[in-house]
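Structure file my_file23.json (JSON, C-alpha atoms) follows.
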```
[["chain", "number", "residue", "atom", "x", "y", "z"],
["A", 1, "LEU", "CA", -123.14, -323.39, 59.76],
["A", 2, "LEU", "CA", -123.97, -322.99, 63.39],
["A", 3, "HIS", "CA", -123.10, -326.53, 64.41],
["A", 4, "GLU", "CA", -119.76, -326.32, 62.58],
["A", 5, "ALA", "CA", -118.99, -323.19, 64.64],
["A", 6, "GLY", "CA", -119.58, -325.15, 67.84],
["A", 7, "THR", "CA", -123.18, -324.09, 68.42],
["A", 8, "ASP", "CA", -125.32, -327.18, 68.81],
["A", 9, "ASP", "CA", -128.26, -325.58, 70.55],
["A", 10, "PHE", "CA", -130.46, -324.47, 67.67],
["A", 11, "MET", "CA", -133.75, -325.39, 66.06],
["A", 12, "LEU", "CA", -135.18, -324.72, 62.61],
["A", 13, "LEU", "CA", -138.93, -324.29, 62.25],
["A", 14, "GLU", "CA", -140.19, -325.09, 58.76],
["A", 15, "ALA", "CA", -143.80, -324.50, 57.74],
["A", 16, "SER", "CA", -143.72, -327.06, 54.93],
["A", 17, "GLY", "CA", -143.04, -330.79, 54.97],
["A", 18, "GLY", "CA", -139.53, -330.69, 53.53],
["A", 19, "VAL", "CA", -136.37, -328.71, 52.92],
["A", 20, "GLY", "CA", -135.84, -326.80, 49.71],
["A", 21, "GLY", "CA", -138.40, -324.01, 49.87],
["A", 22, "VAL", "CA", -139.68, -322.95, 46.47],
["A", 23, "TRP", "CA", -137.81, -325.81, 44.78],
["A", 24, "ARG", "CA", -140.13, -328.45, 46.19],
["A", 25, "GLY", "CA", -142.93, -329.51, 43.90],
["A", 26, "GLY", "CA", -146.07, -331.40, 44.76],
["A", 27, "GLY", "CA", -147.84, -328.66, 46.66],
["A", 28, "ASP", "CA", -145.09, -328.02, 49.24],
["A", 29, "GLY", "CA", -143.26, -325.53, 47.05],
["A", 30, "LEU", "CA", -143.80, -323.34, 44.05],
["A", 31, "ALA", "CA", -141.77, -325.30, 41.52],
["A", 32, "TRP", "CA", -143.31, -326.63, 38.36],
["A", 33, "GLU", "CA", -142.13, -329.38, 36.05],
["A", 34, "GLY", "CA", -139.25, -328.11, 33.96],
["A", 35, "MET", "CA", -138.50, -325.12, 36.19],
["A", 36, "ALA", "CA", -134.75, -324.46, 36.34],
["A", 37, "THR", "CA", -132.37, -322.08, 38.07],
["A", 38, "ASN", "CA", -131.38, -318.90, 36.29],
["A", 39, "LEU", "CA", -127.86, -319.30, 37.66],
["A", 40, "SER", "CA", -125.29, -321.92, 36.79],
["A", 41, "LYS", "CA", -124.86, -324.77, 39.24],
["A", 42, "ASP", "CA", -121.58, -323.40, 40.61],
["A", 43, "LYS", "CA", -123.36, -320.17, 41.59],
["A", 44, "CYS", "CA", -126.08, -321.95, 43.58],
["A", 45, "GLU", "CA", -124.20, -324.54, 45.59],
["A", 46, "PHE", "CA", -122.34, -324.62, 48.88],
["A", 47, "HIS", "CA", -118.61, -325.20, 48.50],
["A", 48, "ALA", "CA", -118.79, -328.18, 50.85],
["A", 49, "LEU", "CA", -121.23, -330.03, 48.58],
["A", 50, "PRO", "CA", -120.91, -329.62, 44.81],
["A", 51, "HIS", "CA", -123.99, -330.31, 42.67],
["A", 52, "ASP", "CA", -122.01, -332.89, 40.71],
["A", 53, "ALA", "CA", -121.43, -334.97, 43.87],
["A", 54, "VAL", "CA", -125.18, -335.15, 44.50],
["A", 55, "ALA", "CA", -125.88, -335.98, 40.84],
["A", 56, "ARG", "CA", -123.39, -338.89, 40.96],
["A", 57, "ARG", "CA", -125.28, -340.38, 43.92],
["A", 58, "HIS", "CA", -128.31, -340.58, 41.66],
["A", 59, "GLY", "CA", -126.55, -342.15, 38.68],
["A", 60, "ALA", "CA", -125.67, -339.09, 36.62],
["A", 61, "ALA", "CA", -122.09, -338.30, 35.60],
["A", 62, "LYS", "CA", -122.64, -334.64, 36.50],
["A", 63, "ALA", "CA", -125.40, -332.17, 37.32],
["A", 64, "PRO", "CA", -126.89, -330.06, 34.53],
["A", 65, "ASP", "CA", -125.31, -326.62, 34.15],
["A", 66, "PHE", "CA", -128.65, -325.07, 35.12],
["A", 67, "PRO", "CA", -130.27, -327.46, 37.61],
["A", 68, "LYS", "CA", -133.98, -328.20, 37.35],
["A", 69, "ALA", "CA", -136.31, -327.83, 40.33],
["A", 70, "HIS", "CA", -136.11, -331.52, 41.17],
["A", 71, "ASP", "CA", -132.29, -331.31, 41.11],
["A", 72, "MET", "CA", -132.38, -328.40, 43.55],
["A", 73, "ALA", "CA", -134.83, -330.19, 45.87],
["A", 74, "ARG", "CA", -132.59, -333.27, 45.80],
["A", 75, "TYR", "CA", -129.55, -331.06, 46.47],
["A", 76, "PHE", "CA", -131.11, -329.43, 49.55],
["A", 77, "ASP", "CA", -132.25, -332.83, 50.85],
["A", 78, "ALA", "CA", -128.68, -334.14, 50.48],
["A", 79, "PHE", "CA", -127.25, -331.06, 52.19],
["A", 80, "ALA", "CA", -129.63, -331.39, 55.15],
["A", 81, "ASP", "CA", -128.72, -335.06, 55.52],
["A", 82, "ASP", "CA", -124.98, -334.80, 54.91],
["A", 83, "PHE", "CA", -124.47, -331.99, 57.41],
["A", 84, "GLY", "CA", -126.78, -333.28, 60.13],
["A", 85, "ILE", "CA", -129.31, -330.49, 59.80],
["A", 86, "ARG", "CA", -132.46, -332.57, 59.28],
["A", 87, "PRO", "CA", -132.74, -333.68, 62.94],
["A", 88, "ARG", "CA", -132.76, -329.99, 63.94],
["A", 89, "ILE", "CA", -135.76, -329.19, 61.71],
["A", 90, "ARG", "CA", -139.32, -329.25, 62.96],
["A", 91, "PHE", "CA", -141.41, -329.75, 59.83],
["A", 92, "HIS", "CA", -145.04, -328.64, 59.52],
["A", 93, "ALA", "CA", -144.26, -326.06, 62.22],
["A", 94, "PRO", "CA", -145.30, -322.60, 61.01],
["A", 95, "VAL", "CA", -144.32, -319.77, 63.33],
["A", 96, "CYS", "CA", -147.34, -317.80, 64.51],
["A", 97, "ALA", "CA", -145.66, -315.32, 66.89],
["A", 98, "ALA", "CA", -142.25, -314.08, 67.99],
["A", 99, "GLU", "CA", -141.97, -311.86, 71.04],
["A", 100, "ARG", "CA", -138.78, -310.00, 71.96],
["A", 101, "GLN", "CA", -138.11, -310.15, 75.71],
["A", 102, "GLU", "CA", -137.04, -307.04, 77.63],
["A", 103, "ARG", "CA", -133.98, -308.81, 79.10],
["A", 104, "GLY", "CA", -133.03, -310.26, 75.74],
["A", 105, "GLY", "CA", -134.02, -313.34, 73.84],
["A", 106, "TRP", "CA", -137.26, -314.32, 72.20],
["A", 107, "ILE", "CA", -140.38, -316.32, 72.90],
["A", 108, "VAL", "CA", -141.35, -318.06, 69.67],
["A", 109, "LYS", "CA", -144.73, -319.71, 69.24],
["A", 110, "TYR", "CA", -145.36, -322.19, 66.48],
["A", 111, "ASN", "CA", -148.03, -324.66, 65.50],
["A", 112, "GLY", "CA", -146.90, -328.24, 65.78],
["A", 113, "HIS", "CA", -148.69, -331.56, 65.98],
["A", 114, "GLN", "CA", -152.19, -330.12, 66.34],
["A", 115, "HIS", "CA", -151.39, -327.66, 69.12],
["A", 116, "GLN", "CA", -149.34, -324.56, 69.71],
["A", 117, "ARG", "CA", -145.84, -324.92, 71.14],
["A", 118, "THR", "CA", -143.50, -322.36, 72.65],
["A", 119, "VAL", "CA", -139.72, -322.18, 72.64],
["A", 120, "HIS", "CA", -137.37, -319.67, 74.24],
["A", 121, "ALA", "CA", -134.46, -318.56, 72.08],
["A", 122, "GLN", "CA", -131.51, -316.30, 72.64],
["A", 123, "TYR", "CA", -131.45, -315.33, 68.96],
["A", 124, "LEU", "CA", -134.02, -315.38, 66.18],
["A", 125, "VAL", "CA", -133.32, -315.56, 62.48],
["A", 126, "VAL", "CA", -136.33, -315.34, 60.21],
["A", 127, "CYS", "CA", -136.02, -316.79, 56.72],
["A", 128, "THR", "CA", -138.83, -316.42, 54.23],
["A", 129, "ASN", "CA", -138.90, -316.32, 50.48],
["A", 130, "VAL", "CA", -139.71, -313.57, 48.03],
["A", 131, "TRP", "CA", -143.13, -315.03, 47.34],
["A", 132, "SER", "CA", -144.32, -314.89, 50.95],
["A", 133, "SER", "CA", -146.66, -312.18, 52.15],
["A", 134, "ALA", "CA", -145.14, -309.88, 54.74],
["A", 135, "HIS", "CA", -146.37, -310.31, 58.30],
["A", 136, "ILE", "CA", -144.34, -308.39, 60.83],
["A", 137, "PRO", "CA", -145.83, -308.73, 64.33],
["A", 138, "ALA", "CA", -146.69, -305.50, 66.16],
["A", 139, "ASP", "CA", -144.16, -306.17, 68.94],
["A", 140, "VAL", "CA", -141.38, -306.58, 66.38],
["A", 141, "ARG", "CA", -142.42, -303.31, 64.70],
["A", 142, "ALA", "CA", -142.42, -301.60, 68.13],
["A", 143, "PHE", "CA", -138.93, -302.97, 68.86],
["A", 144, "ALA", "CA", -137.71, -301.65, 65.51],
["A", 145, "ASP", "CA", -139.24, -298.25, 66.21],
["A", 146, "ARG", "CA", -137.54, -298.05, 69.62],
["A", 147, "THR", "CA", -134.15, -299.07, 68.25],
["A", 148, "CYS", "CA", -134.37, -297.37, 64.83],
["A", 149, "ALA", "CA", -133.82, -300.79, 63.23],
["A", 150, "ARG", "CA", -134.80, -301.17, 59.60],
["A", 151, "LEU", "CA", -137.26, -303.97, 58.98],
["A", 152, "TRP", "CA", -137.82, -305.55, 55.62],
["A", 153, "HIS", "CA", -139.32, -308.75, 54.36],
["A", 154, "ALA", "CA", -137.88, -310.95, 51.65],
["A", 155, "GLY", "CA", -141.03, -310.15, 49.67],
["A", 156, "ASP", "CA", -139.76, -306.58, 49.46],
["A", 157, "LEU", "CA", -137.12, -307.89, 47.07],
["A", 158, "ARG", "CA", -139.76, -308.36, 44.38],
["A", 159, "GLY", "CA", -139.80, -304.61, 43.80],
["A", 160, "LEU", "CA", -136.01, -304.45, 43.71],
["A", 161, "ILE", "CA", -135.79, -307.36, 41.29],
["A", 162, "ALA", "CA", -138.36, -305.78, 38.99],
["A", 163, "ARG", "CA", -136.45, -302.48, 38.82],
["A", 164, "ARG", "CA", -133.46, -301.97, 36.59],
["A", 165, "PRO", "CA", -130.59, -299.64, 37.51],
["A", 166, "GLY", "CA", -131.58, -296.12, 36.56],
["A", 167, "ASP", "CA", -135.35, -296.79, 36.74]]
```

Here is the file; what I need is its structure written in the form of structure tokens.
Amino acid sequence: LLHEAGTDDFMLLEASGGVGGVWRGGGDGLAWEGMATNLSKDKCEFHALPHDAVARRHGAAKAPDFPKAHDMARYFDAFADDFGIRPRIRFHAPVCAAERQERGGWIVKYNGHQHQRTVHAQYLVVCTNVWSSAHIPADVRAFADRTCARLWHAGDLRGLIARRPGD
């Protein structure tokens, strides 16, 4: 993590009201009751925080081998709290524009607390999920064209996931 590497100057902008992405139910995510991972718990955990440790905090002897959506949401909440990430997150802050600056860095605009805000960043990491619709701003496309960078959106993975080797 950035702060573990000595970088304390970072911000996370999250469009929804909580951590956990698709694993959040109740309208913030795409999870439904009974939804579970298709990987075993040891394949979808960070080494610094085992699923079983989080399960014990909530009265269970261990986490299920294939965690349910609510287990995953609880896990990501615990991770954000345990590692001091939550204070760095601006919730309900969807990004509406990111502009690469000629001398380096980015100007990022996001909607927060009923009006648009702007931050200047040296680096920009964009994290979306496979169910999001691609929106790559024109200035980012132009930058990619100038530098021959390959752009792709996490939603592009849907096609890769649907294909089998040899198809």

So which residues touch A:Asp77 within 9 Å, counting all atoms listed in the file, skipping near sequence neighbours fewer than 5 positions away, as a short mmCIF file (atom, residue, chain, number, x, y, z; two decimals) with C-alpha atoms, in the frame of the given file?
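Result file part_26.cif:
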```cif
data_model
loop_
_atom_site.label_atom_id
_atom_site.label_comp_id
_atom_site.auth_asym_id
_atom_site.auth_seq_id
_atom_site.Cartn_x
_atom_site.Cartn_y
_atom_site.Cartn_z
CA GLY A 18 -139.53 -330.69 53.53
CA VAL A 19 -136.37 -328.71 52.92
CA GLY A 20 -135.84 -326.80 49.71
CA MET A 72 -132.38 -328.40 43.55
CA ASP A 82 -124.98 -334.80 54.91
CA ARG A 86 -132.46 -332.57 59.28
#
```

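With all atoms listed in the file as the basis for measurement, A:Arg117 is the residue among A:Ala69, A:Arg117, A:Ala80, A:Asp8 that approaches A:Pro94 most closely.
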
Subject >> Exercise: residues within 12 Å of coordinate (-130.9, -337.7, 45.9), counting only C-alpha atoms, as a PyMOL selection string >> reply: chain A and resi 51-60+63+70-82

Subject >> atom CA of A:Lys109 to atom CA of A:Val95, distance in Å rounded to a single decimal >> reply: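 Distance reported for this atom pair: 5.9 Å.
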
Subject >> Using only C-alpha atoms: which of A:Glu45, A:Arg90, A:Arg100, A:Ala36 has the shortest distance to A:Ala142 >> reply: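 Under the stated criterion, the closest residue is A:Arg100.
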
**OP:** Enter the distance from atom CA of A:Ala121 to atom CA of A:Val108, in Å, rounded to one decimal.
**Re:** 7.3 Å
